[in-house]
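The next block holds one structure in the form of structure tokens; read it before the comments.
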Amino acid sequence: MHKTAFVWDDRYLDYSFPGIHPFKSLRESMTKKILEERGAFHYIDLVKPDIIPEEMLYKVHSKEYVEFVKKKSEEGRGYLDDGDTPAFKGIFESALVRVSGTVTAVKLLDRYDHTINIGGGFHHAKYTSASGFCVFNDVALGIKIAEEKFNRIALVDIDGHHGDGTQILLANDPKVLKISLHMYHKGFFPGSGDVDEIGEGDAKGLTMNIPLPPGTADDMYLYAFNQVVVPKLNGFKPDLIVILNGGDSHFTDPLVELKLSNKGYLDLIRTLHKLAHNYNAKIVMTGGGGYNYESTAKIWALSTAELANLDFTEFLELEDCCYLASSEFTKKRVEEIVEKLKKIHGL
């Protein structure tokens with residue numbers, strides 16, 4: 001039996017917004033093609049998701065909101081939020097398939113060490129609303145279901161935008177460590193995720209936000225990760241790590257101004273993979289943002305190859321040529337943020 005499962009449904013491609021909207025499902029189909037061309041599915045099990053009953057959505061969304069999405073899905077016009085997430089005919093069913101993929105990935109952990117659902121990662125959706133191209137929050141739902149089997153779950157979100165929806169939905173959950181590395185700048189969506197957001201109630205201290213300035217490249221992104229994320233994970237010792245692998249922190253992304261290369265992404269995934277084995281933990285990896293479709297597909301394919309321990313000689317040509325460096329101004333700002341985080345979190 002293979003250790004890694006890749007959850008896939010061709011209906012993922014239906015979740016793609018029309019016109020000039022930046023969210024296109026081309027990313028997912030390109031990733032699958034890259035993996036197919038390299039024979040990855042001889043070593044990784046391809047698993048079709050079991051579609052969840054819509055009542056399961058009520059764990060993280062109100063019934064009224066779910067009914068609203070169904071209504072807009074039938075109408076096929078208007079917006080599900082203030083203007084980022086347009087409705088189209090069938091969006092309810094398309095979103096439900098994507099969410100089902102993450103739920104399936106969690107349930108497969110009974111048989112696999114690592115499961116991957118690049119069709120997931122909708123971390124902006126909130127209890128009563130869509131947000132930022134996200135209809136239903138598969139990440140929060142998957143974690144809620146994982147809590148039936150796992151006692152300490154760490155969410156590591158490397159999407160270029162703050163995972164505000166998952167943070168809110170899991171803010172007071174003491175079984176979940178929420179970590180988000182993201183660009184943070186005045187006027188940048190969603191406007192949250194500063195260092196002082198650390199969780200609520202019994203879960204105070206279990207939210208860690210690493211707000212990075214525009215221009216943060218591999219050197220300082222990895223510096224921040226190794227200085228504060230790794231020690232925080234070592235202190236928590238999760239038995240499940242959920243990775244939200246948004247491709248929009250890449251230097252080619254048109255919506256985010258971070259400068260991570262896919263070599264930097266791979267270093268992050270390799271570190272998390274190694275830590276998971278140190279803790280004897282399982283891994284679920286979802287997708288997320290990513291609006292340069294080719295760059296995002298390469299990131300997801302490389303990350304999948306790492307988690308599945310595939311022969312990397314087949315994937316080397318996908319890697320960017322080199323690591324990228326931050327300016328002296330950006331270096332200083334990131335160092336200041338890291339020092340603040342060390343004090344706040346006692347690292």
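Each chain of the structure tokens is named A, B, ... in the order shown, its residues numbered from 1; ligands are numbered from 1 in display order.
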Tell me which protein, DNA and RNA residues are within 9 Å of stretch 82-87 of chain A, counting only C-alpha atoms, leaving out same-chain ones fewer than 2 positions away, and put them as a list in words.
Phe17, Pro18, His21, Val69, Lys72, Ser73, Glu75, Gly76, Arg77, Gly78, Tyr79, Leu80, Lys89, Gly90, Ile91, Phe92, Ala130, Ser131, Gly132, Phe133, Cys134 and Val135 of chain A
Polymer residues at most 7 Å from stretch 254-265 of chain A, only C-alpha atoms, same-chain spacing of 3 or more positions, as a ChimeraX atom specification
/A:160,183,214-218,248-251,268-269,291-292,299,319-320,323-324
Dump as a JSON list (two decimals), in the first residue's frame, selection limited to N, CA, C and O atoms:
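Contents of part.json, as written:
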[["chain", "number", "residue", "atom", "x", "y", "z"],
["A", 160, "GLY", "N", 0.05, 33.56, 0.35],
["A", 160, "GLY", "CA", 0.46, 34.95, 0.42],
["A", 160, "GLY", "C", -0.49, 35.86, 1.17],
["A", 160, "GLY", "O", -0.12, 36.97, 1.57],
["A", 183, "MET", "N", 1.88, 38.12, 3.40],
["A", 183, "MET", "CA", 2.23, 39.52, 3.22],
["A", 183, "MET", "C", 1.26, 40.37, 4.03],
["A", 183, "MET", "O", 0.07, 40.08, 4.12],
["A", 214, "PRO", "N", 6.19, 43.54, 1.89],
["A", 214, "PRO", "CA", 6.42, 43.31, 0.46],
["A", 214, "PRO", "C", 7.93, 43.20, 0.19],
["A", 214, "PRO", "O", 8.73, 43.89, 0.82],
["A", 215, "GLY", "N", 8.28, 42.33, -0.75],
["A", 215, "GLY", "CA", 9.69, 42.17, -1.08],
["A", 215, "GLY", "C", 10.42, 41.12, -0.27],
["A", 215, "GLY", "O", 11.61, 40.88, -0.49],
["A", 216, "THR", "N", 9.72, 40.47, 0.67],
["A", 216, "THR", "CA", 10.36, 39.40, 1.45],
["A", 216, "THR", "C", 10.66, 38.23, 0.51],
["A", 216, "THR", "O", 9.75, 37.64, -0.07],
["A", 217, "ALA", "N", 11.95, 37.91, 0.40],
["A", 217, "ALA", "CA", 12.39, 36.86, -0.51],
["A", 217, "ALA", "C", 12.79, 35.61, 0.28],
["A", 217, "ALA", "O", 12.62, 35.55, 1.51],
["A", 218, "ASP", "N", 13.36, 34.63, -0.42],
["A", 218, "ASP", "CA", 13.69, 33.35, 0.19],
["A", 218, "ASP", "C", 14.48, 33.49, 1.48],
["A", 218, "ASP", "O", 14.17, 32.83, 2.48],
["A", 248, "ASP", "N", 0.72, 31.74, -4.10],
["A", 248, "ASP", "CA", 0.81, 33.17, -4.39],
["A", 248, "ASP", "C", 1.89, 33.90, -3.60],
["A", 248, "ASP", "O", 2.02, 35.13, -3.72],
["A", 249, "SER", "N", 2.70, 33.18, -2.83],
["A", 249, "SER", "CA", 3.88, 33.82, -2.23],
["A", 249, "SER", "C", 5.06, 33.78, -3.21],
["A", 249, "SER", "O", 6.13, 34.31, -2.91],
["A", 250, "HIS", "N", 4.87, 33.16, -4.36],
["A", 250, "HIS", "CA", 5.92, 33.05, -5.37],
["A", 250, "HIS", "C", 6.21, 34.41, -6.01],
["A", 250, "HIS", "O", 5.31, 35.24, -6.15],
["A", 251, "PHE", "N", 7.44, 34.61, -6.40],
["A", 251, "PHE", "CA", 7.85, 35.93, -6.90],
["A", 251, "PHE", "C", 7.17, 36.34, -8.20],
["A", 251, "PHE", "O", 7.14, 37.52, -8.55],
["A", 268, "LEU", "N", 10.61, 24.74, 2.62],
["A", 268, "LEU", "CA", 9.56, 24.78, 3.65],
["A", 268, "LEU", "C", 8.88, 23.42, 3.78],
["A", 268, "LEU", "O", 8.69, 22.90, 4.88],
["A", 269, "ILE", "N", 8.51, 22.84, 2.64],
["A", 269, "ILE", "CA", 7.82, 21.55, 2.65],
["A", 269, "ILE", "C", 8.75, 20.46, 3.19],
["A", 269, "ILE", "O", 8.33, 19.60, 3.98],
["A", 291, "TYR", "N", -1.85, 32.71, -8.55],
["A", 291, "TYR", "CA", -2.48, 33.34, -9.71],
["A", 291, "TYR", "C", -1.53, 33.46, -10.90],
["A", 291, "TYR", "O", -1.91, 33.98, -11.94],
["A", 292, "ASN", "N", -0.30, 32.96, -10.74],
["A", 292, "ASN", "CA", 0.52, 32.59, -11.89],
["A", 292, "ASN", "C", 0.36, 31.07, -11.95],
["A", 292, "ASN", "O", 0.90, 30.35, -11.13],
["A", 299, "ILE", "N", 4.95, 24.44, -8.06],
["A", 299, "ILE", "CA", 5.08, 24.37, -6.60],
["A", 299, "ILE", "C", 4.35, 23.14, -6.07],
["A", 299, "ILE", "O", 4.88, 22.38, -5.26],
["A", 319, "GLU", "N", 12.37, 23.25, -11.00],
["A", 319, "GLU", "CA", 12.84, 24.18, -9.97],
["A", 319, "GLU", "C", 13.31, 25.50, -10.59],
["A", 319, "GLU", "O", 13.89, 25.52, -11.67],
["A", 320, "ASP", "N", 13.05, 26.60, -9.89],
["A", 320, "ASP", "CA", 13.59, 27.89, -10.30],
["A", 320, "ASP", "C", 15.12, 27.83, -10.27],
["A", 320, "ASP", "O", 15.71, 27.01, -9.55],
["A", 323, "TYR", "N", 17.86, 30.85, -5.51],
["A", 323, "TYR", "CA", 17.18, 31.51, -4.40],
["A", 323, "TYR", "C", 17.20, 33.02, -4.62],
["A", 323, "TYR", "O", 18.12, 33.55, -5.25],
["A", 324, "LEU", "N", 16.22, 33.72, -4.06],
["A", 324, "LEU", "CA", 16.13, 35.17, -4.20],
["A", 324, "LEU", "C", 16.46, 35.86, -2.88],
["A", 324, "LEU", "O", 16.18, 35.31, -1.80]]
Given only C-alpha atoms as the basis, pick out the residue of A:Thr166, A:Thr207, A:Asn226, A:Ser192 nearest to A:Ile179.
A:Thr207
Any idea what's packed within 9 Å of A:Phe189, counting only C-alpha atoms, ignoring anything in its chain fewer than 4 positions away? Could you give it as a PyMOL selection string?
chain A and resi 132+161-162+184-185
File dump, residues just selected, C-alpha atoms, as a PDB file, in the first residue's frame:
ATOM      1  CA  GLY A 132     -11.592  36.164  -1.225  1.00  0.00           C
ATOM      2  CA  HIS A 161      -2.738  36.174   2.108  1.00  0.00           C
ATOM      3  CA  HIS A 162      -3.587  35.836   5.787  1.00  0.00           C
ATOM      4  CA  TYR A 184       0.994  42.291   5.473  1.00  0.00           C
ATOM      5  CA  HIS A 185       0.749  45.870   4.286  1.00  0.00           C
TER       6      HIS A 185
END
Residues within 6 Å of stretch 38-49 of chain A, please, as an MDAnalysis selection string. Count only C-alpha atoms; anything in the same chain fewer than 6 positions from it doesn't count.
chainID A and resid 4:9 100:101 104
Selection to disk with N, CA, C and O atoms, as a PDB file, in the first residue's frame:
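Contents of selection-v5.pdb, freshly written:
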ATOM      1  N   THR A   4       1.234   7.618   0.292  1.00  0.00           N
ATOM      2  CA  THR A   4       0.700   8.933  -0.065  1.00  0.00           C
ATOM      3  C   THR A   4      -0.521   8.792  -0.975  1.00  0.00           C
ATOM      4  O   THR A   4      -0.504   8.013  -1.925  1.00  0.00           O
ATOM      5  N   ALA A   5      -1.565   9.548  -0.666  1.00  0.00           N
ATOM      6  CA  ALA A   5      -2.766   9.576  -1.509  1.00  0.00           C
ATOM      7  C   ALA A   5      -2.970  10.985  -2.056  1.00  0.00           C
ATOM      8  O   ALA A   5      -2.787  11.969  -1.340  1.00  0.00           O
ATOM      9  N   PHE A   6      -3.356  11.064  -3.311  1.00  0.00           N
ATOM     10  CA  PHE A   6      -3.628  12.326  -4.005  1.00  0.00           C
ATOM     11  C   PHE A   6      -5.108  12.334  -4.342  1.00  0.00           C
ATOM     12  O   PHE A   6      -5.578  11.514  -5.135  1.00  0.00           O
ATOM     13  N   VAL A   7      -5.850  13.218  -3.704  1.00  0.00           N
ATOM     14  CA  VAL A   7      -7.304  13.257  -3.891  1.00  0.00           C
ATOM     15  C   VAL A   7      -7.623  14.096  -5.124  1.00  0.00           C
ATOM     16  O   VAL A   7      -7.148  15.227  -5.258  1.00  0.00           O
ATOM     17  N   TRP A   8      -8.445  13.526  -6.006  1.00  0.00           N
ATOM     18  CA  TRP A   8      -8.728  14.217  -7.266  1.00  0.00           C
ATOM     19  C   TRP A   8     -10.117  13.879  -7.773  1.00  0.00           C
ATOM     20  O   TRP A   8     -10.568  12.745  -7.699  1.00  0.00           O
ATOM     21  N   ASP A   9     -10.780  14.893  -8.320  1.00  0.00           N
ATOM     22  CA  ASP A   9     -12.050  14.710  -9.018  1.00  0.00           C
ATOM     23  C   ASP A   9     -12.043  15.671 -10.194  1.00  0.00           C
ATOM     24  O   ASP A   9     -11.714  16.858 -10.029  1.00  0.00           O
ATOM     25  N   SER A 100     -15.265  18.396  -0.114  1.00  0.00           N
ATOM     26  CA  SER A 100     -15.291  16.943   0.073  1.00  0.00           C
ATOM     27  C   SER A 100     -13.902  16.343  -0.112  1.00  0.00           C
ATOM     28  O   SER A 100     -13.543  15.359   0.542  1.00  0.00           O
ATOM     29  N   GLY A 101     -13.110  16.944  -0.995  1.00  0.00           N
ATOM     30  CA  GLY A 101     -11.754  16.466  -1.209  1.00  0.00           C
ATOM     31  C   GLY A 101     -10.895  16.567   0.031  1.00  0.00           C
ATOM     32  O   GLY A 101     -10.136  15.641   0.355  1.00  0.00           O
ATOM     33  N   THR A 104     -12.154  14.059   2.630  1.00  0.00           N
ATOM     34  CA  THR A 104     -11.670  12.738   2.235  1.00  0.00           C
ATOM     35  C   THR A 104     -10.192  12.581   2.570  1.00  0.00           C
ATOM     36  O   THR A 104      -9.762  11.529   3.081  1.00  0.00           O
TER      37      THR A 104
END
Just list as a ChimeraX atom specification whatever in stretch 27-266 of chain A DSSP marks as alpha helix (DSSP H).
/A:27-37,63-75,91-107,138-146,164-169,218-224,230-236,262-266
Quick one: pull the distance between atom CA of A:Pro53 and atom CA of A:Glu93, Å, one decimal.
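We find that atom CA of A:Pro53 and atom CA of A:Glu93 lie 11.2 Å from each other.
Computed from the coordinates, the atom CA of A:Asn209 to atom CA of A:Glu28 distance equals 27.5 Å.
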Any chance you could list, as a PyMOL selection string, the residues in stretch 58-186 of chain A that come up strand (DSSP E) when DSSP is run on the backbone?
chain A and resi 114-117+153-157+176-183
Contacts of A:Lys343 within 12 Å, only C-alpha atoms, excl. fewer than 5 positions in-chain, as an MDAnalysis selection string
chainID A and resid 195:196 205 228 336:338
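With only C-alpha atoms as the atoms that count, the minimum distance from A:Glu64 to the choices A:Leu35, A:Thr304, A:Tyr127, A:Ser94 is reached by A:Tyr127.
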Tell me which protein, DNA and RNA residues are within 8 Å of stretch 108-123 of chain A, counting only C-alpha atoms, leaving out same-chain ones fewer than 5 positions away, and put them as number ranges by chain.
A: 2-8, 12, 28, 98-99, 101-102, 133-140, 163-166, 244-246, 282-289, 300, 304, 307-308
Smallest atom-to-atom distance to A:Ala224: which of A:Tyr15, A:Glu55, A:Lys175, A:Lys340, using only C-alpha atoms?
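Closest to A:Ala224, using only C-alpha atoms: A:Lys340.
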Separation of atom CA of A:Lys144 and atom CA of A:Lys126, in Å?
14.4 Å
